[in-house]
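Structure below is upload.tsv: TSV, C-alpha atoms.
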chain	number	residue	atom	x	y	z
A	1	MET	CA	0.00	0.00	0.00
A	2	THR	CA	1.29	3.45	-0.93
A	3	ARG	CA	2.01	5.71	2.04
A	4	ILE	CA	2.20	9.50	1.96
A	5	TYR	CA	4.59	11.32	4.29
A	6	ASP	CA	3.86	15.01	4.75
A	7	ILE	CA	7.31	16.64	5.02
A	8	SER	CA	5.99	20.21	5.30
A	9	GLN	CA	6.07	22.50	8.30
A	10	THR	CA	2.68	23.70	9.53
A	11	ILE	CA	2.46	27.40	8.70
A	12	ARG	CA	1.00	29.06	11.78
A	13	PRO	CA	1.35	32.12	14.00
A	14	GLY	CA	4.66	31.83	15.81
A	15	ILE	CA	6.36	29.62	13.20
A	16	PRO	CA	10.11	30.34	13.46
A	17	VAL	CA	11.42	32.56	10.64
A	18	TRP	CA	14.85	33.78	9.59
A	19	PRO	CA	15.92	36.46	12.11
A	20	GLY	CA	14.47	39.80	11.00
A	21	ASP	CA	12.17	38.30	8.37
A	22	SER	CA	8.38	38.80	8.30
A	23	GLU	CA	6.36	36.92	10.89
A	24	PHE	CA	3.36	34.93	9.70
A	25	THR	CA	-0.09	36.40	10.39
A	26	LEU	CA	-3.58	35.28	9.45
A	27	GLU	CA	-6.55	37.62	9.81
A	28	ARG	CA	-10.19	36.76	9.22
A	29	THR	CA	-11.56	39.44	6.92
A	30	TRP	CA	-15.03	37.97	6.23
A	31	ASN	CA	-17.08	35.81	8.57
A	32	ILE	CA	-20.10	33.63	7.94
A	33	GLU	CA	-23.17	35.54	9.05
A	34	PRO	CA	-26.61	34.08	8.26
A	35	GLY	CA	-28.42	36.29	5.80
A	36	GLU	CA	-25.36	38.50	5.35
A	37	CYS	CA	-22.15	36.68	4.37
A	38	PRO	CA	-22.10	33.02	3.29
A	39	VAL	CA	-18.33	32.43	3.61
A	40	ASN	CA	-15.23	32.79	5.76
A	41	VAL	CA	-12.27	34.55	4.06
A	42	SER	CA	-8.86	35.36	5.52
A	43	ALA	CA	-5.85	37.49	4.62
A	44	ILE	CA	-2.33	36.21	5.24
A	45	ARG	CA	1.04	37.93	5.53
A	46	LEU	CA	4.21	35.87	5.30
A	47	SER	CA	7.74	35.77	3.96
A	48	THR	CA	8.34	33.99	0.67
A	49	HIS	CA	10.69	31.75	2.69
A	50	THR	CA	8.26	30.78	5.43
A	51	GLY	CA	8.35	27.14	6.52
A	52	SER	CA	9.10	24.49	3.91
A	53	HIS	CA	9.91	26.43	0.78
A	54	ALA	CA	11.57	26.56	-2.62
A	55	ASP	CA	14.19	29.17	-3.51
A	56	SER	CA	13.94	30.68	-6.96
A	57	ARG	CA	17.13	31.94	-8.59
A	58	LEU	CA	15.96	35.50	-7.92
A	59	HIS	CA	16.58	34.85	-4.23
A	60	PHE	CA	20.36	35.13	-4.64
A	61	ASP	CA	20.77	36.57	-8.15
A	62	ASP	CA	19.07	39.77	-9.32
A	63	LYS	CA	19.14	38.37	-12.86
A	64	GLY	CA	17.66	35.00	-11.84
A	65	VAL	CA	14.17	33.79	-12.67
A	66	ASP	CA	11.28	34.26	-10.26
A	67	CYS	CA	8.91	31.58	-9.01
A	68	ALA	CA	6.46	32.13	-11.86
A	69	GLU	CA	9.18	31.33	-14.41
A	70	THR	CA	10.77	28.46	-12.46
A	71	LYS	CA	10.56	25.14	-14.29
A	72	LEU	CA	8.67	22.52	-12.31
A	73	ASP	CA	10.08	19.19	-13.47
A	74	ALA	CA	12.71	19.06	-10.70
A	75	TYR	CA	10.06	19.26	-7.99
A	76	ILE	CA	8.25	16.05	-8.95
A	77	GLY	CA	9.83	12.61	-9.28
A	78	PRO	CA	12.06	9.99	-7.69
A	79	ALA	CA	13.96	11.12	-4.58
A	80	HIS	CA	16.50	9.50	-2.26
A	81	LEU	CA	16.46	10.41	1.45
A	82	ILE	CA	19.57	9.99	3.60
A	83	ASP	CA	20.14	10.75	7.29
A	84	LEU	CA	23.34	12.58	8.26
A	85	SER	CA	22.02	13.93	11.57
A	86	SER	CA	24.48	11.82	13.57
A	87	GLU	CA	27.47	12.64	11.36
A	88	VAL	CA	27.24	16.37	10.63
A	89	THR	CA	27.28	18.36	13.85
A	90	ALA	CA	25.85	21.81	14.60
A	91	GLY	CA	27.64	24.50	12.64
A	92	ALA	CA	29.39	21.98	10.36
A	93	LEU	CA	29.00	21.38	6.63
A	94	VAL	CA	28.01	18.30	4.65
A	95	GLU	CA	31.09	17.35	2.63
A	96	PRO	CA	31.51	14.84	-0.23
A	97	HIS	CA	32.81	12.11	2.10
A	98	HIS	CA	29.51	12.21	4.01
A	99	LEU	CA	27.64	11.46	0.78
A	100	ASP	CA	29.95	8.85	-0.69
A	101	GLY	CA	28.39	5.41	-0.25
A	102	LYS	CA	24.99	6.84	0.72
A	103	VAL	CA	23.92	8.45	-2.56
A	104	PRO	CA	23.29	6.23	-5.62
A	105	GLU	CA	25.48	6.66	-8.70
A	106	VAL	CA	22.51	8.36	-10.35
A	107	ALA	CA	20.25	10.32	-7.99
A	108	GLU	CA	17.92	12.88	-9.55
A	109	ARG	CA	16.71	14.27	-6.23
A	110	VAL	CA	18.60	14.03	-2.95
A	111	LEU	CA	17.03	14.84	0.42
A	112	ILE	CA	19.25	15.13	3.49
A	113	LYS	CA	18.14	14.96	7.12
A	114	LEU	CA	20.43	17.06	9.32
A	115	PHE	CA	18.25	17.70	12.40
A	116	LYS	CA	17.83	14.71	14.71
A	117	SER	CA	14.51	16.26	15.67
A	118	PHE	CA	13.06	19.21	13.77
A	119	PRO	CA	12.98	22.42	15.92
A	120	HIS	CA	9.34	23.37	15.32
A	121	ASP	CA	9.15	25.77	18.26
A	122	GLY	CA	12.42	27.66	18.03
A	123	TRP	CA	15.14	28.98	15.73
A	124	ASP	CA	18.54	27.24	15.74
A	125	PRO	CA	21.14	29.74	14.44
A	126	ASP	CA	23.87	27.08	14.45
A	127	PHE	CA	22.15	24.70	12.03
A	128	PRO	CA	24.31	22.43	9.84
A	129	ALA	CA	24.60	23.35	6.16
A	130	ILE	CA	26.15	21.95	2.97
A	131	SER	CA	29.40	22.75	1.18
A	132	ALA	CA	29.79	23.76	-2.45
A	133	ASP	CA	31.97	20.67	-2.96
A	134	ALA	CA	29.11	18.46	-1.78
A	135	ILE	CA	26.79	20.17	-4.25
A	136	ARG	CA	29.28	19.48	-7.04
A	137	PHE	CA	29.47	15.84	-5.87
A	138	LEU	CA	25.68	15.57	-6.24
A	139	ALA	CA	25.72	17.34	-9.61
A	140	ALA	CA	28.15	14.71	-10.89
A	141	ARG	CA	25.50	12.12	-10.01
A	142	LYS	CA	22.90	13.87	-12.17
A	143	CYS	CA	21.13	15.43	-9.21
A	144	LYS	CA	18.64	18.13	-10.21
A	145	LEU	CA	17.18	18.94	-6.77
A	146	ILE	CA	18.67	19.19	-3.30
A	147	GLY	CA	16.35	19.27	-0.29
A	148	LEU	CA	17.33	19.85	3.35
A	149	ASP	CA	15.45	20.11	6.63
A	150	VAL	CA	17.54	23.11	7.75
A	151	PRO	CA	16.58	26.73	6.87
A	152	SER	CA	19.31	27.27	4.27
A	153	LEU	CA	21.92	25.44	2.20
A	154	ASP	CA	24.47	27.92	3.55
A	155	PRO	CA	25.25	28.83	7.18
A	156	GLN	CA	23.23	31.66	8.72
A	157	ASP	CA	26.18	34.07	8.72
A	158	SER	CA	27.31	33.34	5.13
A	159	LYS	CA	27.73	36.39	2.91
A	160	THR	CA	28.95	34.52	-0.17
A	161	LEU	CA	26.27	31.77	-0.39
A	162	ASP	CA	28.74	29.31	-1.89
A	163	ALA	CA	26.32	26.36	-1.87
A	164	HIS	CA	23.53	28.40	-3.48
A	165	PHE	CA	25.81	29.49	-6.31
A	166	ALA	CA	27.13	25.94	-6.76
A	167	VAL	CA	23.50	24.83	-7.14
A	168	ASP	CA	22.94	27.60	-9.67
A	169	ALA	CA	25.99	26.53	-11.69
A	170	ALA	CA	24.70	22.96	-11.74
A	171	GLY	CA	21.15	23.95	-12.70
A	172	MET	CA	19.69	22.29	-9.60
A	173	ALA	CA	16.55	23.23	-7.66
A	174	ILE	CA	16.45	23.99	-3.93
A	175	LEU	CA	14.06	22.98	-1.15
A	176	GLU	CA	14.71	24.10	2.41
A	177	GLY	CA	12.97	23.70	5.74
A	178	LEU	CA	11.58	20.22	5.09
A	179	VAL	CA	10.63	17.90	7.95
A	180	PHE	CA	11.96	14.32	7.95
A	181	ASP	CA	11.03	13.22	11.48
A	182	ASP	CA	9.66	9.65	11.39
A	183	VAL	CA	10.42	9.22	7.67
A	184	PRO	CA	12.63	6.17	7.01
A	185	VAL	CA	15.64	6.67	4.76
A	186	GLY	CA	15.25	5.32	1.25
A	187	ASP	CA	13.59	5.95	-2.08
A	188	TYR	CA	10.35	7.87	-2.64
A	189	GLU	CA	8.42	9.99	-5.08
A	190	LEU	CA	8.71	13.68	-4.19
A	191	ILE	CA	5.99	16.23	-4.92
A	192	ALA	CA	6.74	19.80	-3.75
A	193	LEU	CA	5.61	22.55	-6.11
A	194	PRO	CA	6.32	26.26	-5.58
A	195	LEU	CA	3.44	28.67	-6.13
A	196	LYS	CA	3.33	30.57	-9.43
A	197	ILE	CA	4.00	34.04	-7.98
A	198	SER	CA	5.29	36.70	-10.33
A	199	GLY	CA	8.35	38.49	-8.95
A	200	ALA	CA	8.75	36.10	-6.01
A	201	ASP	CA	12.22	35.02	-4.87
A	202	GLY	CA	10.82	31.97	-3.09
A	203	SER	CA	7.59	30.18	-2.25
A	204	PRO	CA	6.19	27.98	0.49
A	205	VAL	CA	5.48	24.44	-0.71
A	206	ARG	CA	3.27	21.58	0.46
A	207	ALA	CA	5.91	18.89	0.22
A	208	ILE	CA	5.12	15.19	0.36
A	209	LEU	CA	6.96	11.92	-0.12
A	210	ARG	CA	5.03	8.99	-1.54
A	211	SER	CA	6.33	5.50	-0.90
A	212	LEU	CA	7.16	3.43	-3.95
A	213	PRO	CA	5.38	0.13	-4.74

Serialized structure, C-alpha cells:
Amino acid sequence: MTRIYDISQTIRPGIPVWPGDSEFTLERTWNIEPGECPVNVSAIRLSTHTGSHADSRLHFDDKGVDCAETKLDAYIGPAHLIDLSSEVTAGALVEPHHLDGKVPEVAERVLIKLFKSFPHDGWDPDFPAISADAIRFLAARKCKLIGLDVPSLDPQDSKTLDAHFAVDAAGMAILEGLVFDDVPVGDYELIALPLKISGADGSPVRAILRSLP
C-alpha cells in the first residue's frame, strides 16, 4: 500500500522565521453571518521563505528567474532520502565524504536529514549546512534537486552563499525547511511545487513523499 509522508512544516502564528524576516499572520476578513455573508475569508502575511519552501534563482541573483518562471520538473519525481544527523554536527557542513556510499550513482533528487529532531518551536542559528563541494558531488550524479530540513543550504552568517551558487551553476533546484522526522531513509516519489508568484524570490510548498510500490 502506498504511504504518503507530509514533510511540510505547519504554517502558523509563531512559526520560526529567519531572524528579521516577516512573521506569519492570518486575519479573518469575512465571517459567515446568516443572511449577510455566506463564507469565511482570511488574509495572510508571510515571507516567501516561510516554513518548507523553494528558492527561486531571484533569491540570490538579481538576474535570476522568479517563481512564476521556475521550471517545475525538478520538484516532482524519484527522490532518495539519507540521514546525516548523527554525522554532521551543529555548525558543520556536509562534505563529499559524508555522501559517498549513501547516494546512488545516479540520484535525480537528494534529500538530506540534518536535524535529529526538527525544531518546530524555536530557531537554531547554528544549524548544519552543505558545502559547495558536496553540491558538485551531487551534480556529478545527475542530481537536479537538493532538499534539506535546515533553513538554508548555507550557514546563517554566510555572505557569499557558496552552496547556493554551486546549485545555480549545476542547474539544480532547492528545497529548504523540510521535515523528515519519522520518515525512514530510502527511495520515494517527491511532490513539492512552488506557487506561481510573479516576482517572487521563493515560495512555500506543500511537500510530500510517496512510498514506492

Would you list the contacts of Gly51 (chain A) as a short mmCIF file (atom, residue, chain, number, x, y, z; two decimals) with C-alpha atoms, in the frame of the given file, taking every protein, DNA or RNA residue within 8 Å and counting all atoms listed in the file, but skipping same-chain residues closer than 3 positions in sequence?
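For reference, out.cif as written:
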data_model
loop_
_atom_site.label_atom_id
_atom_site.label_comp_id
_atom_site.auth_asym_id
_atom_site.auth_seq_id
_atom_site.Cartn_x
_atom_site.Cartn_y
_atom_site.Cartn_z
CA SER A 8 5.99 20.21 5.30
CA GLN A 9 6.07 22.50 8.30
CA THR A 10 2.68 23.70 9.53
CA ILE A 11 2.46 27.40 8.70
CA ILE A 15 6.36 29.62 13.20
CA PRO A 16 10.11 30.34 13.46
CA VAL A 17 11.42 32.56 10.64
CA GLY A 177 12.97 23.70 5.74
CA LEU A 178 11.58 20.22 5.09
CA PRO A 204 6.19 27.98 0.49
#

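Of the residues under consideration (A:Pro38, A:Pro151, A:Gly171, A:Pro104), A:Pro151 shows the shortest atom-to-atom contact distance to Phe118 (chain A) when counting only C-alpha atoms.
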
task = Excluding Glu87 (chain A) and residues on its chain fewer than 5 positions from it, collect all residues at most 10 Å away from it, counting only C-alpha atoms, and give them as a PyMOL selection string.
result = chain A and resi 92+94+98+114

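Look at Ser47 (chain A): the protein and nucleic acid residues within 8 Å of it, using all atoms listed in the file and passing over chain neighbours fewer than 6 places away, are A:Asp21, A:Ser22, A:Glu23, A:Phe24.
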
query = Between CA of Trp18 (chain A) and CA of Pro119 (chain A), what is the spacing in Å?
reply = 13.1 Å

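As for CA of Ala170 (chain A) and CA of Leu195 (chain A), they are spaced 22.7 Å apart.
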
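Proximity to His97 (chain A) was assessed for A:Ser131, A:Ser117, A:Ser42, A:Thr50 counting all atoms listed in the file; the smallest distance is recorded for A:Ser131.
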
Give me, as a JSON list (two decimals) with C-alpha atoms, keeping the file's coordinate frame, all polymer residues having an atom no more than 12 Å from Ala74 (chain A), counting only C-alpha atoms and skipping those fewer than 2 positions away in the same chain.
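Result file follows (selection-v1.json):
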[["chain", "number", "residue", "atom", "x", "y", "z"],
["A", 54, "ALA", "CA", 11.57, 26.56, -2.62],
["A", 70, "THR", "CA", 10.77, 28.46, -12.46],
["A", 71, "LYS", "CA", 10.56, 25.14, -14.29],
["A", 72, "LEU", "CA", 8.67, 22.52, -12.31],
["A", 76, "ILE", "CA", 8.25, 16.05, -8.95],
["A", 77, "GLY", "CA", 9.83, 12.61, -9.28],
["A", 78, "PRO", "CA", 12.06, 9.99, -7.69],
["A", 79, "ALA", "CA", 13.96, 11.12, -4.58],
["A", 107, "ALA", "CA", 20.25, 10.32, -7.99],
["A", 108, "GLU", "CA", 17.92, 12.88, -9.55],
["A", 109, "ARG", "CA", 16.71, 14.27, -6.23],
["A", 110, "VAL", "CA", 18.60, 14.03, -2.95],
["A", 142, "LYS", "CA", 22.90, 13.87, -12.17],
["A", 143, "CYS", "CA", 21.13, 15.43, -9.21],
["A", 144, "LYS", "CA", 18.64, 18.13, -10.21],
["A", 145, "LEU", "CA", 17.18, 18.94, -6.77],
["A", 146, "ILE", "CA", 18.67, 19.19, -3.30],
["A", 147, "GLY", "CA", 16.35, 19.27, -0.29],
["A", 171, "GLY", "CA", 21.15, 23.95, -12.70],
["A", 172, "MET", "CA", 19.69, 22.29, -9.60],
["A", 173, "ALA", "CA", 16.55, 23.23, -7.66],
["A", 174, "ILE", "CA", 16.45, 23.99, -3.93],
["A", 175, "LEU", "CA", 14.06, 22.98, -1.15],
["A", 189, "GLU", "CA", 8.42, 9.99, -5.08],
["A", 190, "LEU", "CA", 8.71, 13.68, -4.19],
["A", 191, "ILE", "CA", 5.99, 16.23, -4.92],
["A", 192, "ALA", "CA", 6.74, 19.80, -3.75],
["A", 193, "LEU", "CA", 5.61, 22.55, -6.11],
["A", 194, "PRO", "CA", 6.32, 26.26, -5.58]]

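Here CA of Gln156 (chain A) stands at a distance of 27.0 Å from CA of Lys196 (chain A).
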
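All protein and nucleic acid residues in the vicinity of (25.2, 7.2, -7.2), that is within 9 Å when counting only C-alpha atoms, are Asp100, Gly101, Lys102, Val103, Pro104, Glu105, Val106, Ala107, Leu138, Ala140, Arg141 and Lys142 of chain A.
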
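When all atoms listed in the file are used to compute distances to Gly91 (chain A), the closest of the residues A:Asp162, A:Ile197, A:Asp187, A:Asp124 turns out to be A:Asp124.
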